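Have a look at the structure below, then the notes.
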There are 2 protein chains.
Amino acid sequence: MTDCKIQNVEAIRDSAGQACSMLKILANEDRLMLLCQLTQGEKNVGELEAATNIQQPTLSQQLTILRKDNIVNIRKDGKFNYYSIASDEVIQVMQTLGSLYGCNK
Amino acid sequence: MTDCKIQNVEAIRDSAGQACSMLKILANEDRLMLLCQLTQGEKNVGELEAATNIQQPTLSQQLTILRKDNIVNIRKDGKFNYYSIASDEVIQVMQTLGSLYGCNK
DNA sequence: TTTATATATTATAAATTTATAAATTATTAT
DNA sequence: ATAATAATTTATAAATTTATAATATATAAA
């Protein structure tokens, strides 16, 4: 069921490219902190700020990157903007990272 | 068993930092291609070159990065240098990536 | 309508990474 | 020794990312 057709170099490079696009987004300490928080559920910017100690403009900037790459969803409610993880792939990778480096290491 | 103590911000940042160091290394298309090949077992530089179409000096440069960060082992045999994955964490992450983007997607 | 709170945007300098070319080292075969 | 093959190292320009500061927008409360 997890059988693997022999793939040519270009097919592999294509997969590597996709995986790499995602990894580039995760490979930043601030973004990783934010996503780590969001694995626990939806949070607004103020909550993320408190939980990460990332200064507000930087945080907002990193959230913008995550939004543009469709890694997170935004939901506006009054003055508050609530974020949550949109990408199943990211959830899976965060789970693996959590088991390797996180609280249940 | 996977219970989680409440962690302070600095402890979480520390974990994020460790995970991030690893992700930065994976977040490059060439290095990812190379590691993808090495998940299938030890290979020498020429074999890696043929399997990835990465030009030789670039490939050697990326292998140097992987070596310095203890992601791969090198074993010299005559004119040939054989590489293999040294990091269990990397193996685990590659496995997750493989299931998301790879042949058994 | 003024003020305060929450958040986002813009701009720019500094740092890091990537791409590319040239030169060098190591081992084996002739 | 000389040549050939396998691989690494060095150098540098180009591109991307990160850090930092200043400014702007949106909503709600007074």
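Residue numbers start at 1 in each chain; chains themselves are named A, B, ... in the order of the structure tokens; ligands are numbered from 1 in the order shown.
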| said: I need the strand (DSSP E) residues of chain B per DSSP on the backbone, written as number ranges by chain. | reply: B: 43-44, 72-77, 80-85
Using the selection just defined, write its residues with all heavy atoms as a compact mmCIF listing (two decimals), in the first residue's frame.
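As written to disk, out.txt reads:
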```txt
# COMPACT_ATOMS: atom_id res chain seq x y z
N LYS B 43 25.37 6.03 0.06
CA LYS B 43 25.69 6.25 -1.35
C LYS B 43 26.96 7.09 -1.47
O LYS B 43 27.22 7.94 -0.62
CB LYS B 43 24.53 6.99 -2.03
CG LYS B 43 23.29 6.15 -2.28
CD LYS B 43 22.40 6.79 -3.33
CE LYS B 43 21.39 5.80 -3.91
NZ LYS B 43 20.59 5.11 -2.89
N ASN B 44 27.71 6.87 -2.55
CA ASN B 44 28.89 7.72 -2.74
C ASN B 44 28.52 8.96 -3.57
O ASN B 44 27.41 9.06 -4.11
CB ASN B 44 30.07 6.94 -3.33
CG ASN B 44 29.81 6.49 -4.76
OD1 ASN B 44 29.27 7.23 -5.58
ND2 ASN B 44 30.21 5.27 -5.05
N VAL B 72 25.04 13.93 8.44
CA VAL B 72 25.49 12.75 7.71
C VAL B 72 26.85 12.27 8.22
O VAL B 72 27.61 13.04 8.80
CB VAL B 72 25.60 13.00 6.19
CG1 VAL B 72 24.25 13.35 5.58
CG2 VAL B 72 26.63 14.08 5.89
N ASN B 73 27.10 10.99 7.99
CA ASN B 73 28.40 10.39 8.24
C ASN B 73 29.12 10.21 6.92
O ASN B 73 28.48 9.99 5.90
CB ASN B 73 28.23 8.98 8.84
CG ASN B 73 27.74 9.02 10.26
OD1 ASN B 73 26.78 8.33 10.60
ND2 ASN B 73 28.36 9.81 11.08
N ILE B 74 30.44 10.27 6.97
CA ILE B 74 31.22 9.99 5.77
C ILE B 74 32.09 8.76 6.05
O ILE B 74 32.59 8.58 7.15
CB ILE B 74 32.08 11.20 5.36
CG1 ILE B 74 32.80 10.92 4.05
CG2 ILE B 74 33.04 11.59 6.49
CD1 ILE B 74 33.52 12.14 3.49
N ARG B 75 32.21 7.93 5.02
CA ARG B 75 33.09 6.76 5.12
C ARG B 75 33.91 6.74 3.84
O ARG B 75 33.36 6.70 2.74
CB ARG B 75 32.25 5.48 5.23
CG ARG B 75 33.06 4.20 5.26
CD ARG B 75 32.19 2.97 5.44
NE ARG B 75 31.38 2.67 4.27
CZ ARG B 75 31.83 1.98 3.20
NH1 ARG B 75 33.07 1.55 3.14
NH2 ARG B 75 31.01 1.74 2.19
N LYS B 76 35.22 6.80 3.97
CA LYS B 76 36.07 6.85 2.79
C LYS B 76 36.54 5.46 2.42
O LYS B 76 36.97 4.69 3.29
CB LYS B 76 37.29 7.75 3.05
CG LYS B 76 36.86 9.15 3.49
CD LYS B 76 37.99 10.17 3.41
CE LYS B 76 37.44 11.54 3.83
NZ LYS B 76 38.25 12.67 3.39
N ASP B 77 36.43 5.16 1.14
CA ASP B 77 36.85 3.84 0.65
C ASP B 77 37.55 4.05 -0.68
O ASP B 77 36.89 4.28 -1.70
CB ASP B 77 35.63 2.93 0.51
CG ASP B 77 36.03 1.53 0.06
OD1 ASP B 77 37.25 1.23 0.06
OD2 ASP B 77 35.13 0.74 -0.30
N PHE B 80 36.51 6.69 -3.32
CA PHE B 80 35.10 6.99 -3.12
C PHE B 80 34.79 7.43 -1.70
O PHE B 80 35.32 6.88 -0.74
CB PHE B 80 34.25 5.78 -3.49
CG PHE B 80 34.43 5.36 -4.91
CD1 PHE B 80 35.30 4.31 -5.24
CD2 PHE B 80 33.76 6.01 -5.94
CE1 PHE B 80 35.49 3.93 -6.56
CE2 PHE B 80 33.95 5.63 -7.27
CZ PHE B 80 34.81 4.60 -7.57
N ASN B 81 33.89 8.41 -1.60
CA ASN B 81 33.40 8.82 -0.28
C ASN B 81 31.93 8.44 -0.18
O ASN B 81 31.10 8.90 -0.97
CB ASN B 81 33.55 10.33 -0.10
CG ASN B 81 34.99 10.74 0.08
OD1 ASN B 81 35.89 9.90 0.08
ND2 ASN B 81 35.21 12.03 0.23
N TYR B 82 31.65 7.61 0.81
CA TYR B 82 30.28 7.15 1.00
C TYR B 82 29.61 7.92 2.12
O TYR B 82 30.19 8.10 3.20
CB TYR B 82 30.27 5.65 1.34
CG TYR B 82 30.55 4.79 0.13
CD1 TYR B 82 31.85 4.46 -0.23
CD2 TYR B 82 29.50 4.33 -0.67
CE1 TYR B 82 32.11 3.68 -1.36
CE2 TYR B 82 29.74 3.56 -1.79
CZ TYR B 82 31.05 3.25 -2.13
OH TYR B 82 31.29 2.48 -3.25
N TYR B 83 28.41 8.36 1.86
CA TYR B 83 27.64 9.11 2.86
C TYR B 83 26.42 8.33 3.34
O TYR B 83 25.85 7.53 2.59
CB TYR B 83 27.19 10.44 2.25
CG TYR B 83 28.29 11.45 2.16
CD1 TYR B 83 29.10 11.53 1.03
CD2 TYR B 83 28.56 12.31 3.22
CE1 TYR B 83 30.15 12.45 0.95
CE2 TYR B 83 29.60 13.23 3.14
CZ TYR B 83 30.38 13.30 2.01
OH TYR B 83 31.40 14.20 1.94
N SER B 84 26.05 8.62 4.58
CA SER B 84 24.82 8.05 5.13
C SER B 84 24.25 9.02 6.16
O SER B 84 24.95 9.92 6.63
CB SER B 84 25.12 6.70 5.80
OG SER B 84 26.10 6.88 6.80
N ILE B 85 22.96 8.86 6.47
CA ILE B 85 22.33 9.77 7.42
C ILE B 85 22.73 9.40 8.85
O ILE B 85 22.67 8.24 9.23
CB ILE B 85 20.80 9.75 7.28
CG1 ILE B 85 20.41 10.18 5.86
CG2 ILE B 85 20.16 10.69 8.32
CD1 ILE B 85 18.92 10.31 5.64
```
Set the cut-off to 10 Å and count only C-alpha atoms (C1' of nucleotides): what are the residues of chain B that reach chain C? Output as a compact mmCIF listing (two decimals) with C-alpha atoms, in the first residue's frame.
```
# COMPACT_ATOMS: atom_id res chain seq x y z
CA ASN B 28 17.11 23.61 0.71
CA PRO B 57 30.98 21.12 -6.69
CA THR B 58 27.56 22.26 -5.50
CA ASP B 77 36.85 3.84 0.65
CA GLY B 78 39.62 4.30 -1.88
CA LYS B 79 38.70 7.15 -4.19
CA PHE B 80 35.10 6.99 -3.12
```
Would you give me, as a Markdown table, each residue of chain D having an atom within 12 Å of an atom of chain A, along with its shortest atom pair and that distance in Å to one decimal, using only C-alpha atoms (C1' of nucleotides) and sorting by chain and residue number?
```
| residue | atom | partner | partner_atom | distance |
| --- | --- | --- | --- | --- |
| D:DT16 | C1' | A:Lys24 | CA | 11.4 |
| D:DT17 | C1' | A:Asn28 | CA | 9.8 |
| D:DT18 | C1' | A:Asn28 | CA | 9.5 |
| D:DA19 | C1' | A:Thr58 | CA | 8.7 |
| D:DT20 | C1' | A:Thr58 | CA | 9.0 |
| D:DA21 | C1' | A:Pro57 | CA | 9.8 |
| D:DA22 | C1' | A:Pro57 | CA | 10.7 |
| D:DT23 | C1' | A:Pro57 | CA | 11.4 |
| D:DT25 | C1' | A:Lys79 | CA | 11.5 |
| D:DA26 | C1' | A:Lys79 | CA | 7.2 |
| D:DT27 | C1' | A:Lys79 | CA | 5.0 |
| D:DA28 | C1' | A:Lys79 | CA | 7.3 |
| D:DA29 | C1' | A:Lys79 | CA | 11.8 |
```
| field | Interface residues on chain A facing chain B, 9 Å, only C-alpha atoms, written as a PyMOL selection string | value | chain A and resi 1-10+12-13+15-30+32-33+36+50-53+89+92-93+96-105
| task | Give the helix (DSSP H, G or I) residues of chain B, as assigned by DSSP on the backbone, as a ChimeraX atom specification. | result | /B:9-26,29-38,45-52,56-68,88-101
| note | Correct to one decimal, the distance CA of Ile71 in chain B-CA of Ile91 in chain A is 23.9 Å
| said: One decimal, in Å: what's the spacing between CA of Ile54 in chain B and C1' of DT9 in chain D? | reply: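 Calculated distance between CA of Ile54 in chain B and C1' of DT9 in chain D is 17.5 Å.
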| said: Using Å and a single decimal, report how far CA of Arg67 in chain A sits from CA of Gly41 in chain A. | reply: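 Between CA of Gly41 in chain A and CA of Arg67 in chain A the gap works out to 16.1 Å.
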